[in-house]
Each structure stands twice: as C-alpha cells, then as structure tokens.
$ cat final-v1.tsv   # TSV, C-alpha atoms
chain	number	residue	atom	x	y	z
V	1	MET	CA	180.88	70.94	245.79
V	2	GLU	CA	177.91	71.96	247.92
V	3	GLU	CA	177.12	75.66	248.20
V	4	ARG	CA	174.24	77.65	249.63
V	5	ILE	CA	171.41	77.94	247.12
V	6	GLN	CA	171.56	81.75	246.97
V	7	LYS	CA	175.29	81.60	246.21
V	8	LEU	CA	174.69	79.17	243.35
V	9	ILE	CA	172.00	81.41	241.87
V	10	SER	CA	174.27	84.43	242.12
V	11	ALA	CA	177.26	82.59	240.65
V	12	CYS	CA	175.14	81.58	237.66
V	13	GLY	CA	174.42	85.23	236.99
V	14	LEU	CA	170.67	85.20	237.60
V	15	ALA	CA	170.53	87.62	240.53
V	16	SER	CA	172.40	89.02	243.48
V	17	ARG	CA	172.53	86.91	246.64
V	18	ARG	CA	170.03	89.19	248.35
V	19	ALA	CA	167.57	88.85	245.47
V	20	ALA	CA	168.13	85.09	245.41
V	21	GLU	CA	167.26	84.89	249.11
V	22	GLU	CA	164.02	86.72	248.35
V	23	TRP	CA	163.27	84.22	245.56
V	24	ILE	CA	163.86	81.31	247.94
V	25	ALA	CA	161.62	82.84	250.60
V	26	ALA	CA	158.91	83.38	247.97
V	27	GLY	CA	158.98	79.70	247.02
V	28	ARG	CA	160.35	80.22	243.52
V	29	VAL	CA	163.29	77.82	243.97
V	30	THR	CA	163.24	74.02	244.24
V	31	VAL	CA	165.96	71.43	244.86
V	32	ASN	CA	165.30	67.95	243.48
V	33	GLY	CA	161.62	68.78	243.25
V	34	GLU	CA	161.28	70.05	246.82
V	35	LYS	CA	160.78	73.66	247.82
V	36	ALA	CA	164.09	75.22	248.87
V	37	HIS	CA	164.55	77.03	252.16
V	38	LEU	CA	167.07	79.61	253.29
V	39	GLY	CA	170.17	77.80	254.47
V	40	ASP	CA	169.73	74.85	252.09
V	41	ARG	CA	172.79	73.72	250.15
V	42	ALA	CA	173.17	71.90	246.84
V	43	ASP	CA	175.74	70.62	244.37
V	44	LEU	CA	174.92	71.34	240.73
V	45	ASP	CA	176.89	68.26	239.68
V	46	ARG	CA	174.47	66.12	241.72
V	47	ASP	CA	171.30	68.09	242.41
V	48	THR	CA	168.67	69.69	240.19
V	49	VAL	CA	168.03	73.28	241.23
V	50	MET	CA	165.19	75.06	239.48
V	51	VAL	CA	164.13	78.70	239.52
V	52	ASP	CA	160.59	79.36	238.36
V	53	GLY	CA	160.59	75.92	236.78
V	54	SER	CA	163.82	76.39	234.79
V	55	PRO	CA	166.96	74.44	235.71
V	56	LEU	CA	169.88	76.34	237.14
V	57	CYS	CA	173.01	75.86	235.05
V	58	PRO	CA	176.53	77.17	235.55
V	59	GLY	CA	176.96	80.25	233.42
V	60	GLY	CA	179.32	80.53	230.50
V	61	GLU	CA	181.32	83.62	229.64
V	62	ARG	CA	180.58	86.53	231.97
V	63	THR	CA	179.87	90.12	231.04
V	64	TRP	CA	181.99	92.90	232.55
V	65	LEU	CA	181.37	96.57	231.78
V	66	MET	CA	183.17	99.79	232.64
V	67	LEU	CA	180.82	102.75	233.01
V	68	ASN	CA	181.77	106.39	233.46
V	69	LYS	CA	178.90	107.12	235.81
V	70	PRO	CA	177.62	110.69	235.63
V	71	GLN	CA	176.12	112.64	238.53
V	72	GLY	CA	172.37	112.32	239.01
V	73	TYR	CA	172.12	108.51	238.67
V	74	VAL	CA	171.62	106.07	241.53
V	75	THR	CA	173.68	102.89	241.62
V	76	THR	CA	170.80	100.44	241.61
V	77	LEU	CA	168.85	98.42	239.05
V	78	SER	CA	165.54	100.06	240.03
V	79	ASP	CA	164.54	102.91	242.31
V	80	GLU	CA	161.32	103.27	244.27
V	81	LYS	CA	161.63	107.06	244.13
V	82	GLY	CA	161.66	107.09	240.34
V	83	ARG	CA	165.20	108.43	240.05
V	84	ARG	CA	167.39	107.60	237.08
V	85	THR	CA	169.48	104.44	237.53
V	86	VAL	CA	172.74	103.17	236.10
V	87	ALA	CA	170.78	100.24	234.66
V	88	GLU	CA	169.26	102.67	232.16
V	89	LEU	CA	172.72	103.69	230.98
V	90	VAL	CA	173.86	100.14	230.19
V	91	SER	CA	170.56	98.73	228.89
V	92	GLY	CA	172.12	98.43	225.43
V	93	CYS	CA	174.40	95.61	226.56
V	94	ASN	CA	171.38	93.25	226.41
V	95	VAL	CA	172.52	91.33	229.49
V	96	ARG	CA	171.24	91.67	233.05
V	97	VAL	CA	174.18	93.13	234.94
V	98	TRP	CA	174.41	94.70	238.37
V	99	PRO	CA	176.77	97.28	239.88
V	100	VAL	CA	179.87	96.13	241.74
V	101	GLY	CA	179.69	98.40	244.78
V	102	ARG	CA	178.19	101.87	244.80
V	103	LEU	CA	178.74	105.48	243.88
V	104	ASP	CA	176.29	107.91	245.47
V	105	ILE	CA	173.97	109.97	243.30
V	106	ASP	CA	176.20	113.06	243.48
V	107	SER	CA	179.41	111.20	242.62
V	108	GLU	CA	180.78	110.18	239.24
V	109	GLY	CA	183.45	108.09	237.57
V	110	LEU	CA	184.46	104.44	237.41
V	111	LEU	CA	181.68	101.95	238.05
V	112	LEU	CA	181.93	98.27	237.17
V	113	LEU	CA	178.87	96.20	236.25
V	114	THR	CA	178.74	92.45	235.74
V	115	ASP	CA	176.69	89.27	235.84
V	116	ASP	CA	179.48	87.42	237.68
V	117	GLY	CA	178.23	86.85	241.22
V	118	THR	CA	181.31	85.05	242.49
V	119	VAL	CA	183.80	87.77	241.56
V	120	THR	CA	181.39	90.48	242.71
V	121	HIS	CA	181.40	88.94	246.17
V	122	GLN	CA	185.20	88.66	246.17
V	123	LEU	CA	185.72	92.28	245.12
V	124	LEU	CA	183.34	93.59	247.77
V	125	HIS	CA	184.54	91.40	250.63
V	126	PRO	CA	186.51	93.49	253.18
V	127	SER	CA	189.25	90.86	253.45
V	128	HIS	CA	190.45	91.62	249.91
V	129	GLU	CA	191.01	95.33	250.64
V	130	VAL	CA	190.65	96.45	247.02
V	131	GLU	CA	192.01	99.98	246.68
V	132	LYS	CA	189.77	102.71	245.33
V	133	GLU	CA	191.15	106.07	244.24
V	134	TYR	CA	189.05	109.24	244.06
V	135	LEU	CA	189.70	112.73	242.77
V	136	VAL	CA	188.01	115.20	245.07
V	137	TRP	CA	187.52	118.94	244.56
V	138	VAL	CA	187.10	120.74	247.88
V	139	THR	CA	187.06	124.14	249.55
V	140	GLY	CA	188.26	124.93	253.06
V	141	ASN	CA	191.48	125.10	255.06
V	142	ILE	CA	193.51	122.54	253.14
V	143	GLN	CA	196.65	122.87	255.28
V	144	LYS	CA	194.70	122.01	258.40
V	145	ALA	CA	192.69	119.26	256.71
V	146	LEU	CA	195.49	117.20	255.14
V	147	PRO	CA	196.92	115.81	258.42
V	148	VAL	CA	193.39	114.92	259.54
V	149	LEU	CA	192.58	113.06	256.31
V	150	SER	CA	195.87	111.16	256.37
V	151	GLY	CA	195.70	110.30	260.06
V	152	PRO	CA	193.52	108.03	262.22
V	153	MET	CA	189.81	108.60	261.61
V	154	VAL	CA	186.61	107.02	262.92
V	155	LEU	CA	183.29	106.55	261.10
V	156	ASP	CA	180.21	104.90	262.59
V	157	GLY	CA	182.21	104.18	265.73
V	158	GLU	CA	184.81	102.14	263.84
V	159	PRO	CA	188.42	103.13	263.10
V	160	LEU	CA	189.30	103.59	259.44
V	161	ALA	CA	192.41	102.27	257.81
V	162	PRO	CA	194.64	105.27	257.00
V	163	ALA	CA	193.89	106.85	253.64
V	164	ARG	CA	196.59	107.86	251.18
V	165	VAL	CA	196.08	111.54	250.30
V	166	ARG	CA	197.94	113.58	247.68
V	167	ARG	CA	197.39	117.22	246.94
V	168	GLY	CA	196.77	118.27	243.34
V	169	ARG	CA	196.08	121.58	241.67
V	170	ASP	CA	194.60	124.66	243.32
V	171	SER	CA	192.42	127.06	241.36
V	172	GLY	CA	190.38	129.98	242.65
V	173	GLY	CA	190.15	128.62	246.18
V	174	VAL	CA	189.26	125.10	245.01
V	175	HIS	CA	191.73	122.36	245.90
V	176	GLN	CA	192.03	119.02	244.13
V	177	LEU	CA	192.96	115.95	246.16
V	178	SER	CA	193.64	112.32	245.33
V	179	VAL	CA	192.23	110.11	248.11
V	180	THR	CA	192.88	106.36	248.09
V	181	ILE	CA	190.97	104.05	250.44
V	182	HIS	CA	190.26	100.32	250.57
V	183	GLN	CA	187.14	100.26	252.69
V	184	GLY	CA	183.64	100.91	251.45
V	185	LYS	CA	181.59	102.69	254.07
V	186	ASN	CA	178.61	104.72	252.89
V	187	ARG	CA	179.78	108.05	251.40
V	188	GLN	CA	183.12	107.45	253.09
V	189	VAL	CA	185.28	110.01	251.29
V	190	ARG	CA	182.65	112.74	251.62
V	191	ARG	CA	182.28	112.07	255.33
V	192	MET	CA	186.04	112.02	255.83
V	193	CYS	CA	186.33	115.41	254.16
V	194	ALA	CA	183.51	116.78	256.31
V	195	GLN	CA	185.33	115.62	259.45
V	196	ALA	CA	188.42	117.44	258.20
V	197	GLY	CA	186.45	120.67	257.72
V	198	LEU	CA	186.28	120.53	253.92
V	199	GLU	CA	183.30	121.00	251.63
V	200	VAL	CA	183.21	118.58	248.68
V	201	LEU	CA	182.27	120.21	245.38
V	202	ARG	CA	182.91	117.21	243.15
V	203	LEU	CA	183.96	113.59	243.64
V	204	LYS	CA	185.11	111.21	240.92
V	205	ARG	CA	186.33	107.62	241.24
V	206	VAL	CA	189.23	107.04	238.86
V	207	ARG	CA	190.66	103.67	239.89
V	208	GLU	CA	189.64	100.36	241.45
V	209	GLY	CA	192.53	98.04	242.20
V	210	ALA	CA	194.83	98.16	239.16
V	211	LEU	CA	191.94	99.11	236.86
V	212	ALA	CA	191.76	102.79	235.87
V	213	LEU	CA	188.85	104.68	234.34
V	214	ASP	CA	189.15	104.96	230.57
V	215	ARG	CA	189.56	108.68	229.90
V	216	ALA	CA	188.00	108.24	226.46
V	217	LEU	CA	184.65	107.38	228.07
V	218	LYS	CA	182.43	110.43	228.37
V	219	PRO	CA	179.99	110.62	231.30
V	220	GLY	CA	177.24	108.08	230.71
V	221	GLN	CA	179.26	105.99	228.26
V	222	TRP	CA	180.34	102.39	228.84
V	223	ARG	CA	182.30	99.63	227.18
V	224	PRO	CA	183.18	95.98	227.91
V	225	LEU	CA	186.34	95.29	229.84
V	226	THR	CA	189.22	93.92	227.82
V	227	ASP	CA	190.74	90.57	228.73
V	228	GLU	CA	193.77	92.38	230.13
V	229	GLU	CA	191.61	94.66	232.29
V	230	LEU	CA	189.71	91.69	233.66
V	231	ARG	CA	193.01	90.01	234.46
V	232	LEU	CA	194.16	93.15	236.32
V	233	LEU	CA	190.90	93.20	238.25
V	234	THR	CA	190.83	89.55	239.32
V	235	GLN	CA	194.49	88.56	239.57
V	236	PRO	CA	195.03	90.05	243.06
V	237	LEU	CA	191.98	88.09	244.30
V	238	SER	CA	193.32	84.74	243.12
V	239	SER	CA	196.71	85.41	244.75
V	240	ARG	CA	195.25	85.78	248.23
$ encode --input "final-v1.tsv" --output "structure tokens"
Amino acid sequence: MEERIQKLISACGLASRRAAEEWIAAGRVTVNGEKAHLGDRADLDRDTVMVDGSPLCPGGERTWLMLNKPQGYVTTLSDEKGRRTVAELVSGCNVRVWPVGRLDIDSEGLLLLTDDGTVTHQLLHPSHEVEKEYLVWVTGNIQKALPVLSGPMVLDGEPLAPARVRRGRDSGGVHQLSVTIHQGKNRQVRRMCAQAGLEVLRLKRVREGALALDRALKPGQWRPLTDEELRLLTQPLSSR
C-alpha cells in the first residue's frame, strides 16, 4: 500500500516523521533511483526507497521502554542548550528510540520510548484520547480550586475536555491531587492548576492508558515493556 515517504521512514524505525521530512528536503532519500520530494508516496512491496544509499526495509521486532523520568531532564534526543536529555538515560538499550510525547523538564514519572513510528503516531493522535494520570502536589485554596479544575476550562483559546480530579493526602499545607486528562497541550496540568489559583510543587505522571508506572523503577531507571504491557498500551488503539 502506498504511504508518504516520511511515514514509511518513521514506521521502519529510522527517525520521527519530522526528521524524515528534513532528510527528504536535504536530498538524502531516493525512490527508484530518483530524488524524493515532500509529498511523494511509495509502496515498499513495489518501490525501492533508499536513505543515504541504504534500502529502506520494514522493521522487525520493535523496542518499547518504560522510563521513570527524573526532574532536570528534557524530553528530547538532543538539546541545543546543552541540557541533559532522556536519551542519555536510555543509551544502554543500544537502539535508537525516541520519546512518545513529552514531560517538561520539571516533571517526572512515566515516559515511554520506542522505535515504532506507527504506534507513536497513533498514541499521540488526538482522536485516540489516551488517558494520562498525574499526581500533583500543590499549595493554595484547594476547596476553591477543585470545582475550577473539574469544570470547563480554556487553554490557548480552546476549550479543554473536563479533567477527572481526585483529592489525596494533605500534609503541612501541601495537597496531593490525582488529575486525569486525555489531551496533550504544553504543560497542560501545570497551567490548569495556575488557572485554579494553585502553585505546583511537584508533578508526576503515573499512568498512560491502562499502563501504570512500575513503582520498582527508581528515578532515572528504565526497563523494556512486557508483552502484556504492550498489549495494554496498543489494544485500545486497534479497537477504534
């Protein structure tokens, strides 16, 4: 079946779609011996697609990692400001993987990394509405804030789908909340809390879809997903 060249490159695990588009624009990709252009399509069962002179082949078994991201790391493969990246934390897996979504530098918790471009795109596409649950430690008027967080909110001029908010433990003026969303706007939970008059002291993602963070993983540690975890992650996508 014909697909856009950048999608084929991503699905074969060589790069993200954005990076693949840059490769095409730079002239590094050919289709049947001719330089590829953005918008070109190909079928790997019929066409020969080459990247830097090497043929593009459908990938075999994919790599999926669960990382307990610590604070102080950016969710990128490289950083022009010289900050520490999550790629450094998983370099021991010996496979080029990329993050599925983002956690800002001050946030921690569950981060998935993979070389599976197709499933990455599915998980991040808004139509799939994959739930994400965060534990948030805040200060402020919690009684006043809870109805705001659970009610209609607007970010960047767009209405948000209602969040599911549960109150946890209180200790010394610090309140713990569980906030579940299924959108992925930049720093969404932090900005929601700010709108509700709360100051975020700590934010930790603990669940994505049916997949929960392994509590045995210390900050900075990672492990491969089990077959069952991968099934939990991808099954809802295939049912849509």
$ closest_atom_pairs --input "final-v1.tsv" --of "region 76-117 of chain V" --to "region 187-201 of chain V" --cutoff "12 Å" --atoms "all atoms listed in the file" --output "tab-separated table"
residue	atom	partner	partner_atom	distance
V:Gly101	CA	V:Arg187	CA	11.7
V:Arg102	CA	V:Arg187	CA	9.2
V:Leu103	CA	V:Arg187	CA	8.0
V:Asp104	CA	V:Arg187	CA	6.9
V:Ile105	CA	V:Arg187	CA	10.2
V:Asp106	CA	V:Leu201	CA	9.6
V:Ser107	CA	V:Arg187	CA	9.3
V:Glu108	CA	V:Leu201	CA	11.9
$ atom_distance --input "final-v1.tsv" --atom1 "CA of Ala216 (chain V)" --atom2 "CA of Val90 (chain V)"
16.7 Å
$ atom_distance --input "final-v1.tsv" --atom1 "CA of Arg4 (chain V)" --atom2 "CA of Ala42 (chain V)"
6.5 Å
$ closest_residue --input "final-v1.tsv" --among "V:Thr226, V:Gly220, V:Asn141, V:Leu44" --to "Arg84 (chain V)" --atoms "all atoms listed in the file"
V:Gly220
$ closest_residue --input "final-v1.tsv" --among "V:Asp227, V:Tyr73, V:Ile9, V:Arg41" --to "Glu61 (chain V)" --atoms "only C-alpha atoms"
V:Asp227
$ closest_residue --input "final-v1.tsv" --among "V:Ile5, V:Val130, V:Ala11, V:Leu225" --to "Asp40 (chain V)" --atoms "all atoms listed in the file"
V:Ile5
$ residues_around --input "final-v1.tsv" --residues "Arg96 (chain V)" --least-positions-apart "2" --cutoff "10 Å" --atoms "only C-alpha atoms" --output "list in words"
Gly13, Leu14, Ala15, Thr63, Leu77, Ala87, Val90, Ser91, Cys93, Asn94, Trp98, Leu113, Thr114 and Asp115 of chain V
$ closest_residue --input "final-v1.tsv" --among "V:Lys69, V:His121, V:Arg207, V:Lys81" --to "Trp222 (chain V)" --atoms "only C-alpha atoms"
V:Lys69
$ axis_aligned_box --input "final-v1.tsv" --around "region 139-150 of chain V" --padding-each-side "6 Å" --output "AutoDock Vina command-line options"
--center_x 192.0 --center_y 118.1 --center_z 254.5 --size_x 21.9 --size_y 25.9 --size_z 22.0
